[in-house]
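**Q** File follows, work_11.txt with compact mmCIF, C-alpha atoms:
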```txt
# COMPACT_ATOMS: atom_id res chain seq x y z
CA MET A 1 -40.03 -1.24 -127.57
CA LEU A 2 -41.98 -3.80 -125.58
CA ASP A 3 -45.19 -5.51 -126.58
CA SER A 4 -47.50 -5.69 -123.58
CA GLY A 5 -51.05 -6.65 -122.73
CA ARG A 6 -53.39 -7.70 -119.91
CA ARG A 7 -54.86 -11.08 -119.15
CA SER A 8 -57.60 -12.13 -116.84
CA VAL A 9 -56.65 -14.04 -113.73
CA LYS A 10 -58.23 -17.23 -115.08
CA SER A 11 -55.71 -17.36 -117.97
CA ILE A 12 -52.59 -17.24 -115.80
CA PRO A 13 -50.63 -20.50 -116.26
CA ASP A 14 -49.47 -22.72 -113.43
CA PRO A 15 -46.80 -22.28 -112.12
CA VAL A 16 -47.27 -18.57 -112.46
CA HIS A 17 -43.71 -17.30 -112.29
CA TRP A 18 -40.08 -17.99 -113.14
CA TRP A 19 -36.89 -16.31 -111.95
CA PHE A 20 -33.55 -15.93 -113.76
CA THR A 21 -32.07 -16.96 -110.42
CA THR A 22 -28.38 -16.51 -111.31
CA HIS A 23 -28.84 -12.89 -112.41
CA PRO A 24 -27.44 -10.24 -110.00
CA LEU A 25 -30.85 -8.53 -109.91
CA PHE A 26 -32.05 -11.34 -107.63
CA GLN A 27 -28.81 -11.95 -105.75
CA TRP A 28 -26.94 -8.83 -104.71
CA PRO A 29 -26.66 -6.64 -102.70
CA PHE A 30 -29.82 -8.31 -101.31
CA GLY A 31 -31.13 -11.80 -101.81
CA VAL A 32 -34.57 -11.85 -103.45
CA GLY A 33 -36.61 -15.01 -103.15
CA GLU A 34 -39.21 -16.02 -105.70
CA PRO A 35 -42.71 -14.78 -104.84
CA TYR A 36 -44.84 -17.37 -103.08
CA LEU A 37 -47.80 -15.27 -101.91
CA LEU A 38 -49.03 -13.92 -105.21
CA SER A 39 -52.32 -12.01 -105.09
CA PRO A 40 -54.50 -13.37 -107.90
CA ASP A 41 -57.10 -10.64 -107.53
CA ARG A 42 -54.50 -8.07 -108.60
CA TYR A 43 -53.29 -9.77 -111.77
CA ASP A 44 -56.35 -8.63 -113.64
CA VAL A 45 -55.59 -5.02 -112.63
CA TYR A 46 -51.81 -4.79 -112.71
CA GLY A 47 -50.48 -7.94 -114.35
CA GLN A 48 -48.83 -7.54 -117.73
CA HIS A 49 -47.31 -10.08 -120.06
CA VAL A 50 -44.60 -8.50 -122.18
CA GLN A 51 -42.64 -9.76 -125.14
CA PRO A 52 -39.02 -8.52 -125.11
CA LEU A 53 -37.91 -7.52 -128.58
CA ASN A 54 -34.42 -7.94 -130.07
CA ASN A 55 -31.46 -7.27 -127.72
CA LEU A 56 -33.67 -7.16 -124.62
CA ALA A 57 -33.23 -9.71 -121.83
CA GLY A 58 -36.21 -11.24 -120.05
CA LEU A 59 -35.35 -11.80 -116.38
CA ALA A 60 -38.62 -13.01 -114.89
CA GLY A 61 -42.09 -13.93 -116.01
CA TYR A 62 -45.39 -15.70 -115.43
CA THR A 63 -44.33 -19.11 -116.68
CA GLN A 64 -41.70 -21.59 -115.63
CA LEU A 65 -39.57 -20.92 -118.71
CA ALA A 66 -38.48 -17.67 -120.36
CA THR A 67 -40.79 -17.99 -123.34
CA ALA A 68 -40.83 -15.12 -125.80
CA ASN A 69 -44.17 -13.59 -124.81
CA GLU A 70 -44.23 -14.27 -121.08
CA ALA A 71 -41.50 -11.98 -119.70
CA ALA A 72 -42.58 -9.45 -117.09
CA ILE A 73 -39.19 -8.06 -116.00
CA VAL A 74 -37.05 -6.94 -118.93
CA LEU A 75 -33.53 -5.51 -118.97
CA ALA A 76 -32.71 -3.13 -121.83
CA ASN A 77 -30.76 -0.08 -122.98
CA ASN A 78 -27.31 -1.56 -122.24
CA ASP A 79 -28.47 -2.69 -118.79
CA ARG A 80 -29.57 0.84 -117.84
CA THR A 81 -33.36 0.35 -118.08
CA VAL A 82 -35.59 -2.19 -116.37
CA PHE A 83 -39.22 -2.71 -117.29
CA LYS A 84 -41.23 -4.32 -114.48
CA GLY A 85 -44.66 -5.57 -115.34
CA TYR A 86 -45.50 -7.03 -111.94
CA PHE A 87 -44.31 -7.79 -108.43
CA ASP A 88 -44.72 -4.78 -106.15
CA GLY A 89 -48.42 -4.94 -105.44
CA GLN A 90 -48.89 -8.58 -106.25
CA SER A 91 -46.70 -10.31 -103.70
CA ASP A 92 -47.07 -10.26 -99.93
CA ASP A 93 -43.82 -12.08 -99.05
CA GLY A 94 -41.52 -9.09 -98.44
CA ASN A 95 -39.50 -9.31 -101.66
CA ALA A 96 -40.48 -5.89 -103.00
CA GLY A 97 -37.99 -4.00 -100.78
CA PRO A 98 -34.89 -6.06 -101.70
CA MET A 99 -35.93 -6.00 -105.37
CA TRP A 100 -36.08 -2.20 -105.37
CA GLY A 101 -32.76 -2.01 -103.54
CA ASN A 102 -31.06 -4.22 -106.11
CA LEU A 103 -32.65 -2.32 -108.99
CA ALA A 104 -31.45 1.04 -107.67
CA TYR A 105 -27.92 -0.17 -107.00
CA HIS A 106 -27.37 -1.95 -110.31
CA LEU A 107 -28.91 0.79 -112.42
CA LEU A 108 -26.52 3.26 -110.79
CA TYR A 109 -23.38 1.16 -110.86
CA GLY A 110 -23.97 -1.56 -113.43
CA PHE A 111 -25.26 -5.09 -113.06
CA THR A 112 -22.65 -7.14 -111.28
CA ASN A 113 -22.49 -9.52 -108.34
CA ASN A 114 -20.30 -10.13 -105.35
CA ASN A 115 -18.25 -12.83 -107.02
CA ILE A 116 -15.28 -10.65 -107.91
CA PRO A 117 -12.31 -13.06 -107.89
CA TRP A 118 -9.54 -10.49 -107.35
CA ILE A 119 -10.86 -8.94 -104.13
CA ALA A 120 -11.84 -10.52 -100.83
CA GLU A 121 -12.82 -9.38 -97.37
CA SER A 122 -12.33 -10.89 -93.95
CA PRO A 123 -14.49 -11.34 -92.02
CA PRO A 124 -17.36 -11.29 -94.56
CA SER A 125 -19.95 -10.74 -91.82
CA GLY A 126 -20.36 -10.57 -88.07
CA GLN A 127 -22.15 -9.07 -85.09
CA LEU A 128 -21.09 -6.12 -82.97
CA ALA A 129 -22.20 -5.02 -79.54
CA PRO A 130 -23.30 -1.37 -79.21
CA GLY A 131 -20.24 0.88 -79.38
CA ALA A 132 -17.91 -1.92 -80.49
CA SER A 133 -15.77 -1.89 -83.64
CA GLN A 134 -14.42 -4.45 -86.08
CA THR A 135 -11.55 -4.24 -88.56
CA VAL A 136 -12.40 -5.63 -92.00
CA ASN A 137 -9.33 -6.64 -93.98
CA ILE A 138 -9.54 -6.20 -97.76
CA THR A 139 -7.09 -8.17 -99.90
CA VAL A 140 -6.46 -7.85 -103.62
CA ASP A 141 -4.88 -10.46 -105.89
CA ALA A 142 -3.99 -9.04 -109.31
CA ALA A 143 -1.91 -12.03 -110.43
CA GLN A 144 -4.45 -13.12 -113.06
CA LEU A 145 -5.44 -9.62 -114.22
CA THR A 146 -4.23 -8.08 -117.44
CA ALA A 147 -3.07 -4.46 -117.59
CA GLY A 148 -5.89 -2.00 -116.95
CA THR A 149 -8.02 -0.32 -114.30
CA TYR A 150 -10.54 -2.43 -112.35
CA PRO A 151 -13.16 -0.41 -110.44
CA THR A 152 -15.59 -1.85 -107.93
CA ARG A 153 -17.33 -0.92 -104.68
CA ILE A 154 -17.28 -2.47 -101.25
CA LEU A 155 -20.64 -2.31 -99.51
CA LEU A 156 -21.00 -2.63 -95.75
CA TYR A 157 -24.56 -3.40 -94.70
CA SER A 158 -25.92 -3.03 -91.20
CA ASN A 159 -29.26 -3.34 -89.44
CA SER A 160 -28.42 -0.09 -87.68
CA GLY A 161 -31.18 2.46 -88.01
CA ARG A 162 -28.67 5.33 -88.31
CA LEU A 163 -26.60 4.09 -91.24
CA ALA A 164 -27.86 1.04 -93.11
CA ALA A 165 -25.17 0.94 -95.80
CA VAL A 166 -21.69 2.32 -96.36
CA GLU A 167 -20.20 2.37 -99.85
CA ILE A 168 -16.42 2.40 -100.40
CA PRO A 169 -15.20 2.88 -103.99
CA VAL A 170 -12.16 0.75 -104.87
CA SER A 171 -10.00 0.80 -107.99
CA VAL A 172 -7.11 -1.54 -108.71
CA ILE A 173 -4.61 -0.41 -111.34
CA VAL A 174 -2.66 -3.22 -112.97
CA PRO A 175 0.39 -1.83 -114.77
CA GLY A 176 1.73 -3.31 -117.98
CA TYR A 177 5.29 -2.58 -116.79
CA ARG A 178 6.78 -1.74 -113.39
CA THR A 179 10.44 -1.60 -112.42
CA ALA A 180 11.77 0.03 -109.24
CA VAL A 181 15.50 0.43 -108.62
CA ASN A 182 17.27 1.18 -105.36
CA CYS A 183 20.07 3.23 -106.91
CA GLY A 184 23.44 2.48 -105.32
CA GLY A 185 21.87 -0.12 -103.03
CA ALA A 186 20.62 -3.68 -102.65
CA ALA A 187 17.12 -5.01 -103.24
CA TYR A 188 14.57 -3.62 -100.78
CA THR A 189 10.87 -4.08 -100.03
CA ASP A 190 9.31 -0.79 -99.00
CA LYS A 191 6.97 -0.34 -96.04
CA ALA A 192 4.54 2.00 -97.75
CA GLU A 193 3.32 -0.34 -100.51
CA GLY A 194 5.18 -3.62 -100.05
CA ASP A 195 6.79 -2.98 -103.43
CA VAL A 196 10.13 -4.61 -104.28
CA TRP A 197 12.91 -2.24 -105.39
CA LYS A 198 15.58 -4.08 -107.34
CA ALA A 199 19.31 -3.86 -106.70
CA ASP A 200 21.24 -1.33 -108.73
CA LYS A 201 23.30 -2.50 -111.72
CA VAL A 202 25.02 -1.39 -114.91
CA TYR A 203 22.68 -1.14 -117.89
CA ALA A 204 22.44 -4.08 -120.30
CA ALA A 205 20.26 -4.15 -123.40
CA GLY A 206 16.83 -5.59 -122.68
CA SER A 207 16.99 -4.75 -118.98
CA TYR A 208 17.59 -1.64 -116.83
CA GLY A 209 20.52 0.14 -115.18
CA TYR A 210 22.93 3.09 -115.13
CA VAL A 211 25.19 3.97 -118.03
CA ASN A 212 28.29 5.48 -116.40
CA ALA A 213 30.21 2.56 -114.89
CA LYS A 214 32.62 5.03 -113.27
CA GLY A 215 29.84 6.50 -111.15
CA ALA A 216 30.14 5.76 -107.44
CA ALA A 217 27.69 4.17 -105.01
CA ALA A 218 27.52 5.40 -101.41
CA THR A 219 25.30 5.29 -98.32
CA ILE A 220 24.15 7.99 -95.91
CA LYS A 221 24.65 7.06 -92.26
CA GLY A 222 21.95 7.85 -89.72
CA ASP A 223 18.25 8.49 -90.03
CA ILE A 224 16.59 9.91 -93.13
CA LYS A 225 13.93 12.46 -92.28
CA LEU A 226 10.47 12.65 -93.92
CA THR A 227 10.27 8.92 -94.67
CA THR A 228 9.88 5.51 -93.03
CA ASP A 229 11.77 3.83 -95.89
CA ASP A 230 15.29 4.95 -95.00
CA PRO A 231 17.13 2.34 -97.16
CA LEU A 232 15.56 3.79 -100.32
CA TYR A 233 17.05 7.20 -99.62
CA ALA A 234 20.22 6.30 -97.72
CA ALA A 235 21.81 4.47 -100.64
CA TYR A 236 22.51 6.59 -103.71
CA ARG A 237 24.51 6.66 -106.92
CA SER A 238 26.66 9.63 -107.81
CA ASP A 239 27.11 10.70 -111.44
CA PRO A 240 25.22 7.80 -113.10
CA LEU A 241 24.91 9.90 -116.29
CA GLU A 242 21.73 8.07 -117.35
CA TYR A 243 19.37 5.27 -116.35
CA LYS A 244 17.71 3.23 -119.09
CA PHE A 245 14.68 0.95 -118.82
CA ASP A 246 14.00 -1.40 -121.76
CA GLY A 247 10.98 -3.43 -122.83
CA LEU A 248 8.26 -0.85 -122.16
CA PRO A 249 4.96 -1.30 -124.03
CA VAL A 250 3.67 1.81 -125.76
CA GLY A 251 1.60 3.82 -123.29
CA ASN A 252 1.54 6.34 -120.48
CA TYR A 253 3.96 6.10 -117.57
CA ARG A 254 4.61 7.40 -114.11
CA LEU A 255 8.23 8.21 -113.29
CA GLU A 256 9.16 8.52 -109.59
CA LEU A 257 12.53 9.98 -108.60
CA LEU A 258 13.87 9.80 -105.03
CA PHE A 259 16.74 11.91 -103.68
CA ALA A 260 18.46 12.72 -100.38
CA GLU A 261 21.36 15.15 -99.91
CA PRO A 262 24.15 13.35 -98.00
CA LEU A 263 26.33 16.36 -97.13
CA LYS A 264 25.89 19.13 -94.61
CA THR A 265 26.25 21.80 -97.22
CA LYS A 266 24.20 24.76 -98.36
CA PRO A 267 22.04 25.70 -101.34
CA ASN A 268 23.52 26.14 -104.81
CA LEU A 269 26.41 23.69 -104.36
CA ARG A 270 24.79 20.58 -105.90
CA VAL A 271 22.57 21.80 -108.73
CA PHE A 272 21.86 19.49 -111.67
CA ASP A 273 19.25 18.84 -114.38
CA VAL A 274 17.06 15.76 -114.72
CA ILE A 275 15.85 15.04 -118.25
CA ALA A 276 13.33 12.24 -118.87
CA GLU A 277 12.27 11.23 -122.38
CA GLY A 278 13.78 14.44 -123.71
CA SER A 279 11.91 16.71 -121.29
CA ALA A 280 13.56 18.68 -118.49
CA VAL A 281 11.45 17.39 -115.60
CA LEU A 282 13.73 18.83 -112.87
CA PRO A 283 15.79 21.71 -114.25
CA ALA A 284 18.34 23.18 -111.83
CA HIS A 285 17.37 20.73 -109.11
CA ASP A 286 18.87 21.49 -105.70
CA ILE A 287 18.05 18.78 -103.13
CA PHE A 288 19.37 20.78 -100.19
CA TYR A 289 17.33 23.81 -101.18
CA GLU A 290 14.21 21.63 -101.45
CA VAL A 291 14.35 19.65 -98.18
CA GLY A 292 17.70 20.22 -96.45
CA VAL A 293 20.26 17.55 -95.55
CA THR A 294 19.48 13.80 -95.11
CA SER A 295 15.77 14.29 -95.88
CA ALA A 296 13.55 12.47 -98.37
CA ASP A 297 12.93 14.38 -101.60
CA LYS A 298 10.45 12.66 -103.95
CA HIS A 299 9.08 13.77 -107.32
CA SER A 300 6.59 12.17 -109.76
CA PHE A 301 5.91 12.81 -113.44
CA PHE A 302 3.57 11.41 -116.10
CA PHE A 303 4.28 11.17 -119.82
CA PRO A 304 4.01 8.73 -122.76
CA VAL A 305 6.65 6.30 -124.02
CA THR A 306 6.48 5.22 -127.66
CA ASP A 307 9.91 3.71 -128.43
CA GLY A 308 10.03 0.90 -125.85
CA GLN A 309 12.65 2.59 -123.65
CA MET A 310 12.55 5.05 -120.75
CA ASN A 311 15.58 7.36 -120.57
CA VAL A 312 16.39 9.33 -117.42
CA ARG A 313 19.47 11.58 -117.64
CA LEU A 314 21.15 13.40 -114.73
CA VAL A 315 23.18 16.26 -116.17
CA LEU A 316 26.14 17.81 -114.37
CA ARG A 317 26.36 21.61 -114.31
CA ARG A 318 29.76 23.28 -114.50
CA GLY A 319 31.22 24.11 -111.10
CA GLN A 320 28.65 22.00 -109.23
CA ALA A 321 28.90 18.76 -107.23
CA SER A 322 28.01 15.56 -109.09
CA PRO A 323 24.33 14.67 -109.62
CA ILE A 324 23.00 11.93 -107.34
CA VAL A 325 19.85 9.79 -107.25
CA SER A 326 18.60 7.43 -104.55
CA ALA A 327 15.87 5.45 -106.32
CA ILE A 328 13.85 5.37 -109.55
CA ARG A 329 10.51 3.69 -110.25
CA VAL A 330 8.89 3.41 -113.69
CA THR A 331 5.24 2.31 -113.87
CA HIS A 332 2.93 1.86 -116.83
CA ARG A 333 -0.34 3.65 -116.09
CA PRO A 334 -3.18 2.41 -118.34
CA ASP A 335 -5.58 4.76 -116.52
CA LYS A 336 -3.67 7.91 -117.54
CA LYS A 337 -4.49 9.51 -120.88
```
Since I need it in another form, could you write the structure as structure tokens?
**A**
Amino acid sequence: MLDSGRRSVKSIPDPVHWWFTTHPLFQWPFGVGEPYLLSPDRYDVYGQHVQPLNNLAGLAGYTQLATANEAAIVLANNDRTVFKGYFDGQSDDGNAGPMWGNLAYHLLYGFTNNNIPWIAESPPSGQLAPGASQTVNITVDAAQLTAGTYPTRILLYSNSGRLAAVEIPVSVIVPGYRTAVNCGGAAYTDKAEGDVWKADKVYAAGSYGYVNAKGAAATIKGDIKLTTDDPLYAAYRSDPLEYKFDGLPVGNYRLELLFAEPLKTKPNLRVFDVIAEGSAVLPAHDIFYEVGVTSADKHSFFFPVTDGQMNVRLVLRRGQASPIVSAIRVTHRPDKK
């Protein structure tokens, strides 16, 4: 609840207002200056002095300091309710519009400001001639972020009468664990995401790798269809038996499996099972049947890991050619339940 009451214009102190100037309500998306053309004749009609009770934040008022019984803009209800006791009809300096804009935005999306350290834009502002265009580059730096999902919104404001604002939702997912392996090949940075895929190796406790040291590594010559990252699919390991990934925190994971059939064969000649964490994620998998020869074949799965290790088995079927795999990526997904 709020305690409120009216005062006559003669009792209004001097100076007659204060602003919590660092609060996002007065900063973003629009800048809101302190009122300088107050209308004294309207205080007696509209002006209210309110006392914010426990757990309510006073953001502006009629005195220079945020004294207990002088607040006129109060934030409450977990930042979802704003009580305004003055401003709209009492100031003639053009601040009412930006104030309403900030109120609407922050009540919808939460009170924040534009000082988000992990995202930046370039250029931050500029002018365009009619019909011209401008590319705005958005960069994200997650180096200092802990595992989790970080949502925000990019707002593009314009003085165009047709479209004054464009809102672009953005979410950055910071995994608690991420290991990508170029099976049978060397380290590679992909074009799609700029992600680094590590070189293949034999499994050692505390790390990652394949179990069957007798398995062979090979490379497909020529172009790989359905991808721009040929090196991820061209190299492959035959009959690895199992890949293990150690050191995984308890949580939910995304498993990505990449394949490419190297031989000009036909369906039902290389059929094998892929079992991850005890579940048959790709039973009777036939790469040639899926995509044909020398073509990218990618699959993704989500499931929890509770024992600190991801196990991916490739099981040979009797009478079939050896199982193969081109690349594996394991990613902790804190956003997946």
**Q** With all atoms listed in the file as the atoms that count, which of A:Leu156, A:Ala186, A:Met99, A:Ala142 lies nearest to Pro123 in chain A?
**A**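 Checking each candidate against Pro123 in chain A, we get A:Leu156 as the closest.
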**Q** Would you work out the distance separating CA of Gln127 in chain A from CA of Ala96 in chain A, expressed in Å to one decimal?
**A**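 Here the two named atoms are 25.8 Å from each other.
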**Q** Please provide the set of residues having any atom within 8 Å of Leu314 in chain A, restricted to all atoms listed in the file, with same-chain residues fewer than 5 positions apart removed, written as a list in words.
**A**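 Skipping anything fewer than 5 positions along the chain leaves Asp239, Pro240, Leu241, Glu242, Phe272, Asp273, Val274, Ile275, Pro323 and Ile324 of chain A.
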**Q** Within 12 Å of (-28.6, -13.8, -112.2) (file coordinates; only C-alpha atoms), which protein or nucleic acid residues are there? I'd like them as a VMD selection string.
**A** chain A and resid 19 to 28 31 to 32 57 to 60 75 102 111 to 115
**Q** Between CA of Val82 in chain A and CA of Tyr105 in chain A, what is the distance in Å, rounded to a tenth?
**A** 12.3 Å
**Q** Could you work out how far CA of Phe259 in chain A lies from CA of Ile287 in chain A, giving the answer in Å with one decimal?
**A**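 Separation of CA of Ile287 in chain A and CA of Phe259 in chain A: 7.0 Å.
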**Q** Excluding Pro304 in chain A and any residue of its chain fewer than 2 positions from it, enumerate the residues within 6 Å of it, using only C-alpha atoms, and give them as a list in words.
**A**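 The residues that qualify are Gly251, Asn252 and Tyr253 of chain A.
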**Q** Include C-alpha atoms and write out the residues we just selected as a PDB file, in the frame of the given file.
**A**
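Listing of again04.pdb after writing:
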```pdb
ATOM      1  CA  GLY A 251       1.600   3.820-123.290  1.00  0.00           C
ATOM      2  CA  ASN A 252       1.540   6.340-120.480  1.00  0.00           C
ATOM      3  CA  TYR A 253       3.960   6.100-117.570  1.00  0.00           C
TER       4      TYR A 253
END
```
**Q** Do you know which residues are at most 10 Å from Val291 in chain A counting all atoms listed in the file, after dropping those on the same chain fewer than 6 positions away, and could you put them as a list of chain:residue names?
**A**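 After dropping sequence-adjacent residues, the list is A:Lys225, A:Leu226, A:Phe259, A:Ala260, A:Glu261, A:Asp297, A:Lys298.
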**Q** Nearest residue to Lys198 in chain A out of A:His106, A:Arg254, A:Arg178, A:Lys266, using all atoms listed in the file?
**A**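 Of all the options, A:Arg178 lies closest to Lys198 in chain A.
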**Q** With all atoms listed in the file as the counted atoms, please give the residues lying no more than 9 Å from Phe83 in chain A, apart from itself and same-chain residues fewer than 6 positions off, as a list in words.
**A** Leu2, Ala72, Ile73, Val74, Leu75 and Ala76 of chain A
**Q** If we count only C-alpha atoms, what is near Thr331 in chain A at a cut-off of 10 Å, once residues fewer than 2 positions away on the same chain are taken out, given as JSON, numbers by chain?
**A** {"A": [174, 175, 176, 177, 178, 179, 180, 248, 252, 253, 254, 255, 256, 302, 329, 333, 334]}
**Q** Go through A:Thr227, A:Asn95, A:Gln309, A:Thr152 and flag the residue nearest Ala276 in chain A, using all atoms listed in the file for the distances.
**A**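 For Ala276 in chain A, the nearest of the given residues is A:Gln309.
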**Q** Using all atoms listed in the file for the distances, tell me which of A:Leu263, A:Val140, A:Trp118, A:Arg237 is nearest to Asn212 in chain A.
**A**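 With all atoms listed in the file as the atom set, the closest residue is A:Arg237.
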**Q** Which residue is closest to Ser322 in chain A? Choose from A:Ala296, A:Leu269, A:Val305, A:Ile224 and count all atoms listed in the file.
**A** A:Leu269
**Q** For each of A:Gly101, A:Pro283, A:Pro117, A:Gly247, take the minimum atom-to-atom distance to Val330 in chain A, counting all atoms listed in the file, then give the residue where this is smallest.
**A**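 Ranked by minimum distance to Val330 in chain A, first place goes to A:Gly247.
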**Q** Please write C-alpha atoms of range 180-224 of chain A, from the structure given just now, as a short mmCIF file (atom, residue, chain, number, x, y, z; two decimals), in the first residue's frame.
**A**
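After the write, out-v9.cif holds the following:
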```cif
data_model
loop_
_atom_site.label_atom_id
_atom_site.label_comp_id
_atom_site.auth_asym_id
_atom_site.auth_seq_id
_atom_site.Cartn_x
_atom_site.Cartn_y
_atom_site.Cartn_z
CA ALA A 180 33.95 -30.89 -30.22
CA VAL A 181 36.07 -33.59 -31.87
CA ASN A 182 37.01 -33.92 -35.53
CA CYS A 183 37.02 -37.73 -35.57
CA GLY A 184 39.91 -39.12 -37.60
CA GLY A 185 41.19 -35.61 -38.35
CA ALA A 186 43.16 -32.62 -37.13
CA ALA A 187 41.89 -29.59 -35.23
CA TYR A 188 39.51 -27.44 -37.29
CA THR A 189 37.61 -24.18 -36.85
CA ASP A 190 34.22 -24.38 -38.53
CA LYS A 191 32.75 -21.68 -40.76
CA ALA A 192 29.21 -21.88 -39.41
CA GLU A 193 29.91 -20.88 -35.80
CA GLY A 194 33.65 -20.28 -35.54
CA ASP A 195 33.79 -23.21 -33.13
CA VAL A 196 37.05 -25.13 -32.65
CA TRP A 197 36.86 -28.90 -33.19
CA LYS A 198 39.73 -30.67 -31.47
CA ALA A 199 41.99 -33.25 -33.08
CA ASP A 200 41.03 -36.88 -32.63
CA LYS A 201 42.88 -39.00 -30.06
CA VAL A 202 42.75 -42.19 -28.00
CA TYR A 203 40.73 -41.85 -24.81
CA ALA A 204 42.54 -41.10 -21.55
CA ALA A 205 40.85 -40.76 -18.17
CA GLY A 206 39.87 -37.17 -17.44
CA SER A 207 39.76 -36.20 -21.11
CA TYR A 208 38.02 -37.42 -24.29
CA GLY A 209 38.69 -39.84 -27.14
CA TYR A 210 37.97 -43.17 -28.84
CA VAL A 211 38.38 -46.50 -27.11
CA ASN A 212 39.38 -48.91 -29.91
CA ALA A 213 43.01 -48.11 -30.73
CA LYS A 214 42.83 -50.53 -33.68
CA GLY A 215 40.20 -48.40 -35.39
CA ALA A 216 41.40 -46.67 -38.55
CA ALA A 217 41.35 -43.01 -39.55
CA ALA A 218 40.72 -42.05 -43.19
CA THR A 219 39.77 -39.08 -45.37
CA ILE A 220 37.26 -38.68 -48.18
CA LYS A 221 38.71 -37.03 -51.28
CA GLY A 222 36.70 -34.42 -53.15
CA ASP A 223 33.83 -32.19 -52.15
CA ILE A 224 31.32 -33.04 -49.43
#
```
